[in-house]
>>> print(open('entry-v3.pdb').read())   # PDB, C-alpha atoms (C1' of nucleotides)
ATOM      1  CA  MET Z   1     129.848 108.992  58.442
ATOM      2  CA  ARG Z   2     128.672 107.661  61.674
ATOM      3  CA  ARG Z   3     129.981 107.836  65.114
ATOM      4  CA  GLU Z   4     130.216 105.074  67.587
ATOM      5  CA  SER Z   5     128.241 104.991  70.762
ATOM      6  CA  ARG Z   6     129.926 107.343  73.104
ATOM      7  CA  ASP Z   7     129.243 109.520  76.031
ATOM      8  CA  ARG Z   8     132.193 111.543  75.008
ATOM      9  CA  PRO Z   9     132.765 115.278  74.915
ATOM     10  CA  PRO Z  10     131.636 117.124  71.838
ATOM     11  CA  ALA Z  11     134.849 117.968  70.078
ATOM     12  CA  VAL Z  12     134.100 118.361  66.434
ATOM     13  CA  GLU Z  13     131.673 115.744  65.330
ATOM     14  CA  ALA Z  14     131.842 116.356  61.624
ATOM     15  CA  PRO Z  15     134.720 114.421  60.127
ATOM     16  CA  PRO Z  16     136.932 116.608  58.017
ATOM     17  CA  SER Z  17     135.694 116.487  54.470
ATOM     18  CA  ASP Z  18     139.309 116.410  53.553
ATOM     19  CA  CYS Z  19     140.405 113.019  54.779
ATOM     20  CA  GLY Z  20     137.346 110.812  54.658
ATOM     21  CA  PRO Z  21     137.606 107.614  52.651
ATOM     22  CA  GLU Z  22     134.710 108.514  50.389
ATOM     23  CA  ALA Z  23     136.416 111.756  49.535
ATOM     24  CA  ALA Z  24     139.644 109.940  48.861
ATOM     25  CA  LYS Z  25     137.885 107.390  46.697
ATOM     26  CA  ALA Z  26     136.187 110.097  44.674
ATOM     27  CA  ARG Z  27     139.446 111.943  44.298
ATOM     28  CA  ARG Z  28     141.209 108.819  43.213
ATOM     29  CA  ASP Z  29     138.707 108.233  40.479
ATOM     30  CA  ALA Z  30     139.288 111.770  39.249
ATOM     31  CA  LEU Z  31     143.018 111.278  38.774
ATOM     32  CA  SER Z  32     144.590 110.562  35.438
ATOM     33  CA  PRO Z  33     145.752 106.959  35.070
ATOM     34  CA  THR Z  34     149.381 108.026  35.235
ATOM     35  CA  GLU Z  35     148.967 110.195  38.275
ATOM     36  CA  ARG Z  36     146.789 107.644  39.943
ATOM     37  CA  GLU Z  37     149.410 104.996  39.475
ATOM     38  CA  ARG Z  38     152.023 107.246  41.026
ATOM     39  CA  VAL Z  39     149.767 107.971  43.983
ATOM     40  CA  GLU Z  40     149.018 104.295  44.528
ATOM     41  CA  ARG Z  41     152.693 103.518  44.513
ATOM     42  CA  THR Z  42     153.444 106.364  46.878
ATOM     43  CA  VAL Z  43     150.756 105.211  49.280
ATOM     44  CA  SER Z  44     152.053 101.688  49.368
ATOM     45  CA  ASP Z  45     155.620 102.945  49.761
ATOM     46  CA  LEU Z  46     154.436 105.120  52.614
ATOM     47  CA  LEU Z  47     152.596 102.280  54.302
ATOM     48  CA  GLY Z  48     155.656 100.129  53.832
ATOM     49  CA  LEU Z  49     157.795 102.736  55.533
ATOM     50  CA  LEU Z  50     155.363 103.332  58.377
ATOM     51  CA  GLY Z  51     154.830  99.632  58.832
ATOM     52  CA  ARG Z  52     158.241  98.924  60.344
ATOM     53  CA  ALA Z  53     158.756  98.490  64.019
ATOM     54  CA  HIS Z  54     158.652 101.775  65.971
ATOM     55  CA  THR Z  55     158.381 104.028  62.927
ATOM     56  CA  MET Z  56     154.922 105.322  63.667
ATOM     57  CA  ALA Z  57     155.730 105.598  67.331
ATOM     58  CA  VAL Z  58     158.683 107.785  66.434
ATOM     59  CA  LEU Z  59     156.534 110.037  64.276
ATOM     60  CA  LYS Z  60     153.863 110.202  66.913
ATOM     61  CA  GLU Z  61     156.500 111.366  69.367
ATOM     62  CA  PHE Z  62     157.493 114.166  67.039
ATOM     63  CA  ALA Z  63     153.875 115.054  66.407
ATOM     64  CA  PHE Z  64     153.187 115.553  70.082
ATOM     65  CA  ALA Z  65     156.538 117.074  70.931
ATOM     66  CA  GLY Z  66     156.230 119.818  68.355
ATOM     67  CA  GLU Z  67     159.934 120.439  68.527
ATOM     68  CA  PRO Z  68     163.227 118.835  67.544
ATOM     69  CA  LEU Z  69     164.131 115.731  69.504
ATOM     70  CA  ARG Z  70     167.434 114.207  70.344
ATOM     71  CA  PHE Z  71     168.366 110.601  69.818
ATOM     72  CA  SER Z  72     168.523 109.944  73.530
ATOM     73  CA  GLU Z  73     165.131 111.535  74.146
ATOM     74  CA  LEU Z  74     163.510 109.240  71.633
ATOM     75  CA  GLU Z  75     165.380 106.264  72.961
ATOM     76  CA  GLU Z  76     164.180 107.012  76.475
ATOM     77  CA  ARG Z  77     160.576 107.847  75.626
ATOM     78  CA  LEU Z  78     160.050 104.888  73.350
ATOM     79  CA  GLY Z  79     162.320 102.308  74.901
ATOM     80  CA  THR Z  80     163.587 101.469  71.464
ATOM     81  CA  PRO Z  81     166.956  99.728  71.221
ATOM     82  CA  PRO Z  82     169.594 102.136  69.892
ATOM     83  CA  ASN Z  83     170.428 100.164  66.797
ATOM     84  CA  THR Z  84     166.815  99.874  65.751
ATOM     85  CA  LEU Z  85     166.129 103.513  66.520
ATOM     86  CA  SER Z  86     169.174 104.503  64.544
ATOM     87  CA  GLU Z  87     167.944 102.566  61.554
ATOM     88  CA  ARG Z  88     164.443 104.031  61.721
ATOM     89  CA  LEU Z  89     165.778 107.550  61.974
ATOM     90  CA  LYS Z  90     167.979 106.930  58.980
ATOM     91  CA  GLU Z  91     165.057 105.654  56.952
ATOM     92  CA  LEU Z  92     162.883 108.594  57.910
ATOM     93  CA  THR Z  93     165.678 111.011  57.100
ATOM     94  CA  GLU Z  94     166.284 109.407  53.719
ATOM     95  CA  ALA Z  95     162.568 109.521  53.018
ATOM     96  CA  GLY Z  96     162.696 113.261  53.561
ATOM     97  CA  LEU Z  97     160.551 113.219  56.669
ATOM     98  CA  LEU Z  98     163.249 114.164  59.141
ATOM     99  CA  THR Z  99     166.345 116.286  59.035
ATOM    100  CA  ARG Z 100     169.366 115.467  61.100
ATOM    101  CA  ARG Z 101     171.518 118.194  62.573
ATOM    102  CA  ALA Z 102     174.709 117.388  64.445
ATOM    103  CA  TYR Z 103     176.183 120.029  66.714
ATOM    104  CA  ASP Z 104     179.882 119.979  67.225
ATOM    105  CA  GLU Z 105     179.833 120.191  70.978
ATOM    106  CA  VAL Z 106     181.001 118.368  74.024
ATOM    107  CA  PRO Z 107     179.074 116.408  74.950
ATOM    108  CA  PRO Z 108     177.919 115.783  71.384
ATOM    109  CA  ARG Z 109     174.361 116.606  70.432
ATOM    110  CA  VAL Z 110     172.276 115.522  67.465
ATOM    111  CA  GLU Z 111     168.807 116.800  66.840
ATOM    112  CA  TYR Z 112     166.196 115.414  64.529
ATOM    113  CA  GLU Z 113     163.500 117.680  63.216
ATOM    114  CA  THR Z 114     160.433 117.047  61.130
ATOM    115  CA  THR Z 115     160.123 118.389  57.623
ATOM    116  CA  PRO Z 116     156.916 119.987  56.318
ATOM    117  CA  LYS Z 117     156.344 116.750  54.455
ATOM    118  CA  ALA Z 118     156.291 114.855  57.742
ATOM    119  CA  ARG Z 119     154.120 117.435  59.424
ATOM    120  CA  ALA Z 120     151.632 117.065  56.600
ATOM    121  CA  LEU Z 121     151.297 113.498  57.811
ATOM    122  CA  PHE Z 122     150.580 114.362  61.426
ATOM    123  CA  PRO Z 123     146.820 114.796  61.218
ATOM    124  CA  ALA Z 124     146.620 111.062  60.639
ATOM    125  CA  PHE Z 125     148.376 110.474  63.934
ATOM    126  CA  GLY Z 126     146.118 112.957  65.624
ATOM    127  CA  HIS Z 127     143.258 110.924  64.264
ATOM    128  CA  PHE Z 128     144.663 107.735  65.785
ATOM    129  CA  TYR Z 129     144.819 109.486  69.114
ATOM    130  CA  ARG Z 130     141.288 110.717  68.703
ATOM    131  CA  TRP Z 131     140.219 107.191  67.834
ATOM    132  CA  ALA Z 132     141.829 105.836  70.963
ATOM    133  CA  GLU Z 133     139.734 108.161  73.072
ATOM    134  CA  ASP Z 134     136.586 106.494  71.828
ATOM    135  CA  HIS Z 135     137.718 102.935  71.313
ATOM    136  CA  ASP Z 136     139.705 100.085  72.642
ATOM    137  CA  LEU Z 137     141.470  97.279  70.908
ATOM    138  CA  ASP Z 138     140.761  93.603  71.284
ATOM    139  CA  SER Z 139     138.379  91.898  73.668
ATOM    140  CA  GLY Z 140     135.752  93.271  71.341
ATOM    141  CA  VAL Z 141     134.822  95.498  74.219
ATOM    142  CA  GLU Z 142     133.414  98.713  72.906
ATOM    143  CA  ARG Z 143     133.631 100.791  75.991
TER     144      ARG Z 143
ATOM    145  CA  MET Y   1     161.994 117.533  47.570
ATOM    146  CA  ARG Y   2     161.224 116.070  44.280
ATOM    147  CA  ARG Y   3     157.717 116.929  43.356
ATOM    148  CA  GLU Y   4     156.890 119.142  46.240
ATOM    149  CA  SER Y   5     155.584 121.850  43.975
ATOM    150  CA  ARG Y   6     152.316 120.859  42.457
ATOM    151  CA  ASP Y   7     149.515 122.515  40.638
ATOM    152  CA  ARG Y   8     147.416 121.968  43.706
ATOM    153  CA  PRO Y   9     147.096 124.137  46.783
ATOM    154  CA  PRO Y  10     148.722 122.917  49.995
ATOM    155  CA  ALA Y  11     145.495 121.931  51.656
ATOM    156  CA  VAL Y  12     147.087 119.270  53.797
ATOM    157  CA  GLU Y  13     149.275 121.828  55.476
ATOM    158  CA  ALA Y  14     146.221 123.209  57.221
ATOM    159  CA  PRO Y  15     145.122 120.271  59.346
ATOM    160  CA  PRO Y  16     141.427 119.862  60.044
ATOM    161  CA  SER Y  17     140.725 121.078  63.534
ATOM    162  CA  ASP Y  18     139.473 117.633  64.420
ATOM    163  CA  CYS Y  19     142.503 115.515  63.812
ATOM    164  CA  GLY Y  20     145.366 117.950  63.942
ATOM    165  CA  PRO Y  21     148.173 117.279  66.368
ATOM    166  CA  GLU Y  22     147.607 120.511  68.258
ATOM    167  CA  ALA Y  23     144.007 119.587  68.886
ATOM    168  CA  ALA Y  24     145.025 116.124  69.985
ATOM    169  CA  LYS Y  25     147.659 117.541  72.277
ATOM    170  CA  ALA Y  26     145.177 119.915  73.852
ATOM    171  CA  ARG Y  27     142.678 117.131  74.236
ATOM    172  CA  ARG Y  28     145.272 114.887  75.790
ATOM    173  CA  ASP Y  29     146.107 117.474  78.397
ATOM    174  CA  ALA Y  30     142.438 117.718  79.285
ATOM    175  CA  LEU Y  31     142.117 114.013  80.095
ATOM    176  CA  SER Y  32     142.216 112.665  83.585
ATOM    177  CA  PRO Y  33     145.442 110.874  84.420
ATOM    178  CA  THR Y  34     143.718 107.509  84.409
ATOM    179  CA  GLU Y  35     141.974 108.045  81.130
ATOM    180  CA  ARG Y  36     145.034 109.548  79.592
ATOM    181  CA  GLU Y  37     147.030 106.499  80.529
ATOM    182  CA  ARG Y  38     144.460 104.248  78.941
ATOM    183  CA  VAL Y  39     144.470 106.307  75.764
ATOM    184  CA  GLU Y  40     148.236 106.283  75.565
ATOM    185  CA  ARG Y  41     148.278 102.555  75.950
ATOM    186  CA  THR Y  42     145.559 102.129  73.347
ATOM    187  CA  VAL Y  43     147.438 104.311  70.892
ATOM    188  CA  SER Y  44     150.609 102.361  71.293
ATOM    189  CA  ASP Y  45     148.719  99.080  71.048
ATOM    190  CA  LEU Y  46     147.091 100.371  67.895
ATOM    191  CA  LEU Y  47     150.387 101.457  66.399
ATOM    192  CA  GLY Y  48     151.811  98.090  67.330
ATOM    193  CA  LEU Y  49     148.995  96.341  65.536
ATOM    194  CA  LEU Y  50     149.178  98.565  62.466
ATOM    195  CA  GLY Y  51     152.929  98.329  62.390
ATOM    196  CA  ARG Y  52     153.066  94.733  61.221
ATOM    197  CA  ALA Y  53     153.704  93.832  57.640
ATOM    198  CA  HIS Y  54     150.680  94.351  55.384
ATOM    199  CA  THR Y  55     148.270  95.317  58.139
ATOM    200  CA  MET Y  56     147.733  98.873  56.993
ATOM    201  CA  ALA Y  57     147.629  97.780  53.395
ATOM    202  CA  VAL Y  58     144.838  95.364  54.292
ATOM    203  CA  LEU Y  59     142.868  98.084  56.021
ATOM    204  CA  LYS Y  60     143.431 100.484  53.151
ATOM    205  CA  GLU Y  61     142.018  97.848  50.831
ATOM    206  CA  PHE Y  62     138.887  97.618  52.928
ATOM    207  CA  ALA Y  63     138.636 101.388  53.151
ATOM    208  CA  PHE Y  64     138.595 101.765  49.394
ATOM    209  CA  ALA Y  65     136.565  98.667  48.677
ATOM    210  CA  GLY Y  66     133.715  99.735  50.911
ATOM    211  CA  GLU Y  67     132.436  96.181  50.964
ATOM    212  CA  PRO Y  68     133.314  92.779  52.382
ATOM    213  CA  LEU Y  69     136.349  91.121  50.860
ATOM    214  CA  ARG Y  70     137.336  87.529  50.473
ATOM    215  CA  PHE Y  71     140.646  86.010  51.442
ATOM    216  CA  SER Y  72     141.625  85.428  47.833
ATOM    217  CA  GLU Y  73     140.716  88.963  46.813
ATOM    218  CA  LEU Y  74     143.031  90.370  49.435
ATOM    219  CA  GLU Y  75     145.743  87.904  48.584
ATOM    220  CA  GLU Y  76     145.549  88.838  44.936
ATOM    221  CA  ARG Y  77     145.289  92.600  45.355
ATOM    222  CA  LEU Y  78     148.058  92.843  47.909
ATOM    223  CA  GLY Y  79     150.337  90.036  46.868
ATOM    224  CA  THR Y  80     150.601  89.014  50.478
ATOM    225  CA  PRO Y  81     151.733  85.443  51.214
ATOM    226  CA  PRO Y  82     148.794  83.365  52.457
ATOM    227  CA  ASN Y  83     150.249  82.506  55.837
ATOM    228  CA  THR Y  84     151.042  86.112  56.590
ATOM    229  CA  LEU Y  85     147.690  87.308  55.334
ATOM    230  CA  SER Y  86     145.992  84.670  57.410
ATOM    231  CA  GLU Y  87     147.791  85.832  60.502
ATOM    232  CA  ARG Y  88     147.023  89.504  59.876
ATOM    233  CA  LEU Y  89     143.340  88.790  59.335
ATOM    234  CA  LYS Y  90     143.255  86.812  62.541
ATOM    235  CA  GLU Y  91     144.869  89.664  64.450
ATOM    236  CA  LEU Y  92     142.497  92.230  63.009
ATOM    237  CA  THR Y  93     139.538  90.026  63.772
ATOM    238  CA  GLU Y  94     140.665  89.476  67.341
ATOM    239  CA  ALA Y  95     141.215  93.211  67.713
ATOM    240  CA  GLY Y  96     137.598  93.719  66.789
ATOM    241  CA  LEU Y  97     138.320  95.498  63.537
ATOM    242  CA  LEU Y  98     137.102  92.780  61.201
ATOM    243  CA  THR Y  99     134.418  90.145  61.317
ATOM    244  CA  ARG Y 100     134.799  86.815  59.632
ATOM    245  CA  ARG Y 101     131.867  85.065  58.002
ATOM    246  CA  ALA Y 102     132.210  81.611  56.511
ATOM    247  CA  TYR Y 103     129.585  80.397  54.063
ATOM    248  CA  ASP Y 104     128.949  76.713  53.865
ATOM    249  CA  GLU Y 105     129.299  76.384  50.131
ATOM    250  CA  VAL Y 106     131.321  74.584  47.539
ATOM    251  CA  PRO Y 107     133.725  76.041  46.769
ATOM    252  CA  PRO Y 108     134.126  77.479  50.225
ATOM    253  CA  ARG Y 109     133.695  81.194  50.715
ATOM    254  CA  VAL Y 110     134.820  83.367  53.580
ATOM    255  CA  GLU Y 111     134.158  87.049  53.738
ATOM    256  CA  TYR Y 112     135.783  89.595  55.972
ATOM    257  CA  GLU Y 113     133.977  92.772  56.796
ATOM    258  CA  THR Y 114     134.992  95.859  58.695
ATOM    259  CA  THR Y 115     133.439  96.758  62.022
ATOM    260  CA  PRO Y 116     132.387 100.311  62.904
ATOM    261  CA  LYS Y 117     135.491 100.435  65.038
ATOM    262  CA  ALA Y 118     137.632  99.846  61.972
ATOM    263  CA  ARG Y 119     135.667 102.287  59.868
ATOM    264  CA  ALA Y 120     136.282 104.943  62.507
ATOM    265  CA  LEU Y 121     139.922 104.491  61.628
ATOM    266  CA  PHE Y 122     139.528 105.001  57.897
ATOM    267  CA  PRO Y 123     139.826 108.774  57.739
ATOM    268  CA  ALA Y 124     143.465 108.322  58.655
ATOM    269  CA  PHE Y 125     143.954 106.164  55.593
ATOM    270  CA  GLY Y 126     142.116 108.682  53.482
ATOM    271  CA  HIS Y 127     144.558 111.210  54.780
ATOM    272  CA  PHE Y 128     147.502 109.072  53.747
ATOM    273  CA  TYR Y 129     146.051 108.914  50.270
ATOM    274  CA  ARG Y 130     145.524 112.636  50.232
ATOM    275  CA  TRP Y 131     149.096 113.105  51.361
ATOM    276  CA  ALA Y 132     150.374 110.950  48.533
ATOM    277  CA  GLU Y 133     148.681 113.203  46.021
ATOM    278  CA  ASP Y 134     150.829 116.115  47.142
ATOM    279  CA  HIS Y 135     154.034 114.377  48.124
ATOM    280  CA  ASP Y 136     156.540 111.731  47.289
ATOM    281  CA  LEU Y 137     158.930 109.776  49.423
ATOM    282  CA  ASP Y 138     162.425 110.564  48.318
ATOM    283  CA  SER Y 139     163.587 107.021  48.531
ATOM    284  CA  GLY Y 140     167.167 107.268  49.529
ATOM    285  CA  VAL Y 141     169.989 105.070  48.461
ATOM    286  CA  GLU Y 142     169.648 101.364  49.059
ATOM    287  CA  ARG Y 143     171.448  99.831  51.940
TER     288      ARG Y 143
ATOM    289  C1'  DC G   1     178.911 111.226  76.405
ATOM    290  C1'  DA G   2     175.951 110.525  72.144
ATOM    291  C1'  DG G   3     175.319 107.481  68.906
ATOM    292  C1'  DA G   4     177.009 104.579  65.205
ATOM    293  C1'  DA G   5     178.670  99.887  64.148
ATOM    294  C1'  DT G   6     178.977  94.904  65.069
ATOM    295  C1'  DC G   7     177.762  90.379  66.439
ATOM    296  C1'  DC G   8     174.560  87.029  67.852
ATOM    297  C1'  DC G   9     170.226  85.096  68.763
ATOM    298  C1'  DA G  10     165.085  85.460  68.683
ATOM    299  C1'  DA G  11     161.091  86.735  66.204
ATOM    300  C1'  DT G  12     158.784  87.947  61.995
ATOM    301  C1'  DT G  13     158.032  87.440  57.250
ATOM    302  C1'  DG G  14     158.285  85.199  52.691
ATOM    303  C1'  DA G  15     157.995  81.230  49.306
ATOM    304  C1'  DT G  16     156.037  77.208  48.311
ATOM    305  C1'  DA G  17     153.752  72.830  48.918
ATOM    306  C1'  DC G  18     149.883  70.799  50.735
ATOM    307  C1'  DT G  19     145.024  69.790  52.826
ATOM    308  C1'  DG G  20     139.802  69.979  54.139
TER     309       DG G  20
ATOM    310  C1'  DC P   1     138.788  78.545  48.008
ATOM    311  C1'  DA P   2     140.724  79.304  52.255
ATOM    312  C1'  DG P   3     143.630  78.433  54.685
ATOM    313  C1'  DT P   4     148.120  75.215  57.176
ATOM    314  C1'  DA P   5     152.685  73.317  57.342
ATOM    315  C1'  DT P   6     157.259  73.807  56.553
ATOM    316  C1'  DC P   7     161.500  75.845  55.884
ATOM    317  C1'  DA P   8     164.413  79.716  54.156
ATOM    318  C1'  DA P   9     165.307  84.614  54.418
ATOM    319  C1'  DT P  10     164.891  88.900  56.513
ATOM    320  C1'  DT P  11     164.388  91.771  60.405
ATOM    321  C1'  DG P  12     164.417  93.086  65.274
ATOM    322  C1'  DG P  13     166.358  92.994  70.109
ATOM    323  C1'  DG P  14     170.191  93.127  73.384
ATOM    324  C1'  DA P  15     174.769  93.541  74.572
ATOM    325  C1'  DT P  16     179.018  95.208  73.474
ATOM    326  C1'  DT P  17     182.410  97.927  71.190
ATOM    327  C1'  DC P  18     184.163 101.829  68.683
ATOM    328  C1'  DT P  19     184.662 106.876  67.540
ATOM    329  C1'  DG P  20     184.567 111.867  67.682
TER     330       DG P  20
END
>>> encode(input="entry-v3.pdb", output="C-alpha cells")
Amino acid sequence: MRRESRDRPPAVEAPPSDCGPEAAKARRDALSPTERERVERTVSDLLGLLGRAHTMAVLKEFAFAGEPLRFSELEERLGTPPNTLSERLKELTEAGLLTRRAYDEVPPRVEYETTPKARALFPAFGHFYRWAEDHDLDSGVER
Amino acid sequence: MRRESRDRPPAVEAPPSDCGPEAAKARRDALSPTERERVERTVSDLLGLLGRAHTMAVLKEFAFAGEPLRFSELEERLGTPPNTLSERLKELTEAGLLTRRAYDEVPPRVEYETTPKARALFPAFGHFYRWAEDHDLDSGVER
DNA sequence: CAGAATCCCAATTGATACTG
DNA sequence: CAGTATCAATTGGGATTCTG
C-alpha cells in the first residue's frame, strides 16, 4: 500500500496487516456464507450507528480521553446540544459500546465509560487522526 | 454481550502500533500548537463528512470493490435514494476523495474512482470489517 | 446542579416522478 | 444511465422545563 507524498516524520510506515482493505477482502472471501452475511449486516449496522450526527466525535473523545467522561464534559468539549448528546449516548449504551453509571450524590454525577467492544473500535479513530496529519479535506490541496 | 466469545483470538484488542489511540495521543502531544490545531480541525471536518447518511457505506463499497464504480452500481448495491447518493458523491468529490469521469457514450456512463487520499482512509474501513467479525451490536429496544 | 423530557422550527433524508 | 425536481418524513438544533 502506498503512502502519499509527505515530508512527515517516520512513525510506522508499514500499514498494519490487520486492518488493510486487501486483508479484509481476503478474509471476507474466506467466511462461510452464513457468517459472511452476519458480518455484512453488522458492518452496515455499525456504519449506520456511527453515521449519526456527533456519534463518531463522541467516540473519538473517549478514545483520546482514555477515561470515563461525564455528560457535561462531553457537552462542553463537543458543543453538542444536550438533547442530541443524550440521544447519542443512549444509542451507544444500547449498542453495548458505553456503560452508564449514575452516582447518587449531590450534585448528581453520571459517568459514561467505554466497553471493550468500543475500545476494539478505537484503532479506526486513531487511523483517522493519523490520516489527518498527512492530509487535508477539500480544496483538493494535498499539502 | 451476545456473541462476544468466538472461536477466534481477540486480535483486535491489541491495536497495531500505528493506528492505536495511545500512539495517536502521543503523536498529537508531539505536534506544534499550530499543526495540532489544523489536525484537530481536519479530523472533525472528516468526521463531519463521514457522518452523513450513506457516506461511509459508499466509501466501504469502493474499498471492497477496488475499482471505479458507476452511479447505478452504487445505487443498486447500497439502496441509496438517487438524490442523496448524488449529493454524497458530490461532497466526496469536492473533498478530493473521489474523481468523477463522464464518458460521452450512449447510454451515458459516469465512473467514480477513489483518489490516493481516499485510499489512505481505507484501512479504517478494513478495521470496521475486522471488528464486525468478532463483535455484534446489541441492538437495544426500539424507541 | 446534572441531565432527561418537551416543544418548535430548521435541516437532512427518503420516495418517487421526471429529464437530458 | 445518471442524475434533478419535488414533496413527504425523519432527524437535528435551541430553548425551556421538569426531576431527583
>>> interface_residues(input="entry-v3.pdb", of="chain Y", to="chain P", cutoff="9 Å", atoms="all atoms listed in the file", output="tab-separated table (two decimals) with C-alpha atoms, keeping the file's coordinate frame")
chain	number	residue	atom	x	y	z
Y	71	PHE	CA	140.65	86.01	51.44
Y	72	SER	CA	141.62	85.43	47.83
Y	82	PRO	CA	148.79	83.36	52.46
Y	83	ASN	CA	150.25	82.51	55.84
Y	86	SER	CA	145.99	84.67	57.41
Y	106	VAL	CA	131.32	74.58	47.54
Y	107	PRO	CA	133.72	76.04	46.77
Y	108	PRO	CA	134.13	77.48	50.22
Y	109	ARG	CA	133.70	81.19	50.72
Y	110	VAL	CA	134.82	83.37	53.58
>>> resolve_selection(input="entry-v3.pdb", expression="the PyMOL selection byres ((chain G) within 8 of (chain Y))", output="VMD selection string")
chain G and resid 13 to 15
>>> write_last_selection(input="entry-v3.pdb", atoms="C-alpha atoms (C1' of nucleotides)", output="mmCIF file, keeping the file's coordinate frame")
data_model
loop_
_atom_site.group_PDB
_atom_site.id
_atom_site.type_symbol
_atom_site.label_atom_id
_atom_site.label_comp_id
_atom_site.auth_asym_id
_atom_site.auth_seq_id
_atom_site.Cartn_x
_atom_site.Cartn_y
_atom_site.Cartn_z
ATOM 1 C "C1'" DT G 13 158.032 87.440 57.250
ATOM 2 C "C1'" DG G 14 158.285 85.199 52.691
ATOM 3 C "C1'" DA G 15 157.995 81.230 49.306
#
>>> closest_residue(input="entry-v3.pdb", among="Z:Leu85, Z:Glu105, Z:Arg38, Z:Glu73", to="chain Y", atoms="only C-alpha atoms")
Z:Arg38
>>> closest_atom_pairs(input="entry-v3.pdb", of="chain Z", to="chain Y", cutoff="8 Å", atoms="only C-alpha atoms", output="Markdown table")
| residue | atom | partner | partner_atom | distance |
| --- | --- | --- | --- | --- |
| Z:Arg3 | CA | Y:Ala120 | CA | 7.4 |
| Z:Glu4 | CA | Y:Pro116 | CA | 7.0 |
| Z:Ala11 | CA | Y:Asp18 | CA | 7.3 |
| Z:Val12 | CA | Y:Asp18 | CA | 5.8 |
| Z:Pro15 | CA | Y:Asp18 | CA | 7.2 |
| Z:Pro16 | CA | Y:Pro16 | CA | 5.9 |
| Z:Asp18 | CA | Y:His127 | CA | 7.5 |
| Z:Cys19 | CA | Y:His127 | CA | 4.5 |
| Z:Gly20 | CA | Y:Pro123 | CA | 4.4 |
| Z:Pro21 | CA | Y:Gly126 | CA | 4.7 |
| Z:Glu22 | CA | Y:Phe64 | CA | 7.9 |
| Z:Ala23 | CA | Y:Gly126 | CA | 7.6 |
| Z:Ala24 | CA | Y:Gly126 | CA | 5.4 |
| Z:Lys25 | CA | Y:Phe64 | CA | 6.3 |
| Z:Val39 | CA | Y:Ala132 | CA | 5.5 |
| Z:Glu40 | CA | Y:Ala132 | CA | 7.9 |
| Z:Thr42 | CA | Y:Ala132 | CA | 5.8 |
| Z:Val43 | CA | Y:Ala132 | CA | 5.8 |
| Z:Ser44 | CA | Y:Ala57 | CA | 7.1 |
| Z:Asp45 | CA | Y:Leu137 | CA | 7.6 |
| Z:Leu46 | CA | Y:Leu137 | CA | 7.2 |
| Z:Leu47 | CA | Y:Met56 | CA | 6.5 |
| Z:Gly48 | CA | Y:Ala53 | CA | 7.6 |
| Z:Leu50 | CA | Y:Gly51 | CA | 6.9 |
| Z:Gly51 | CA | Y:Gly51 | CA | 4.2 |
| Z:Arg52 | CA | Y:Gly51 | CA | 5.7 |
| Z:Ala53 | CA | Y:Gly51 | CA | 6.1 |
| Z:His54 | CA | Y:Gly51 | CA | 7.6 |
| Z:Thr55 | CA | Y:Gly51 | CA | 7.9 |
| Z:Met56 | CA | Y:Leu47 | CA | 6.6 |
| Z:Ala57 | CA | Y:Leu47 | CA | 6.8 |
| Z:Ala63 | CA | Y:Pro21 | CA | 6.1 |
| Z:Phe64 | CA | Y:Lys25 | CA | 6.3 |
| Z:Glu91 | CA | Y:Gly140 | CA | 7.9 |
| Z:Glu94 | CA | Y:Gly140 | CA | 4.8 |
| Z:Ala95 | CA | Y:Asp138 | CA | 4.8 |
| Z:Gly96 | CA | Y:Asp138 | CA | 5.9 |
| Z:Pro116 | CA | Y:Glu13 | CA | 7.9 |
| Z:Lys117 | CA | Y:His135 | CA | 7.1 |
| Z:Arg119 | CA | Y:Glu13 | CA | 7.6 |
| Z:Ala120 | CA | Y:Glu13 | CA | 5.4 |
| Z:Leu121 | CA | Y:Trp131 | CA | 6.8 |
| Z:Phe122 | CA | Y:Pro21 | CA | 6.2 |
| Z:Pro123 | CA | Y:Gly20 | CA | 4.4 |
| Z:Ala124 | CA | Y:Ala124 | CA | 4.6 |
| Z:Phe125 | CA | Y:Pro21 | CA | 7.2 |
| Z:Gly126 | CA | Y:Cys19 | CA | 4.8 |
| Z:His127 | CA | Y:Cys19 | CA | 4.7 |
| Z:Phe128 | CA | Y:Val43 | CA | 6.7 |
| Z:Tyr129 | CA | Y:Val43 | CA | 6.1 |
| Z:Arg130 | CA | Y:Ala24 | CA | 6.7 |
| Z:Trp131 | CA | Y:Leu121 | CA | 6.8 |
| Z:Ala132 | CA | Y:Val39 | CA | 5.5 |
| Z:Glu133 | CA | Y:Val39 | CA | 5.8 |
| Z:His135 | CA | Y:Lys117 | CA | 7.1 |
| Z:Asp136 | CA | Y:Thr42 | CA | 6.2 |
| Z:Leu137 | CA | Y:Ala95 | CA | 5.2 |
| Z:Asp138 | CA | Y:Ala95 | CA | 3.6 |
| Z:Ser139 | CA | Y:Ala95 | CA | 6.7 |
| Z:Gly140 | CA | Y:Gly96 | CA | 4.9 |
>>> atom_distance(input="entry-v3.pdb", atom1="CA of Gly79 in chain Y", atom2="CA of Tyr112 in chain Y")
17.2 Å
>>> atom_distance(input="entry-v3.pdb", atom1="CA of Arg88 in chain Y", atom2="C1' of DG20 in chain G")
21.6 Å
>>> axis_aligned_box(input="entry-v3.pdb", around="range 12-15 of chain G", padding_each_side="8 Å", output="lines of an AutoDock Vina configuration file")
center_x = 158.4
center_y = 84.6
center_z = 55.7
size_x = 16.8
size_y = 22.7
size_z = 28.7
>>> atom_distance(input="entry-v3.pdb", atom1="CA of Leu69 in chain Z", atom2="CA of Thr34 in chain Y")
26.6 Å
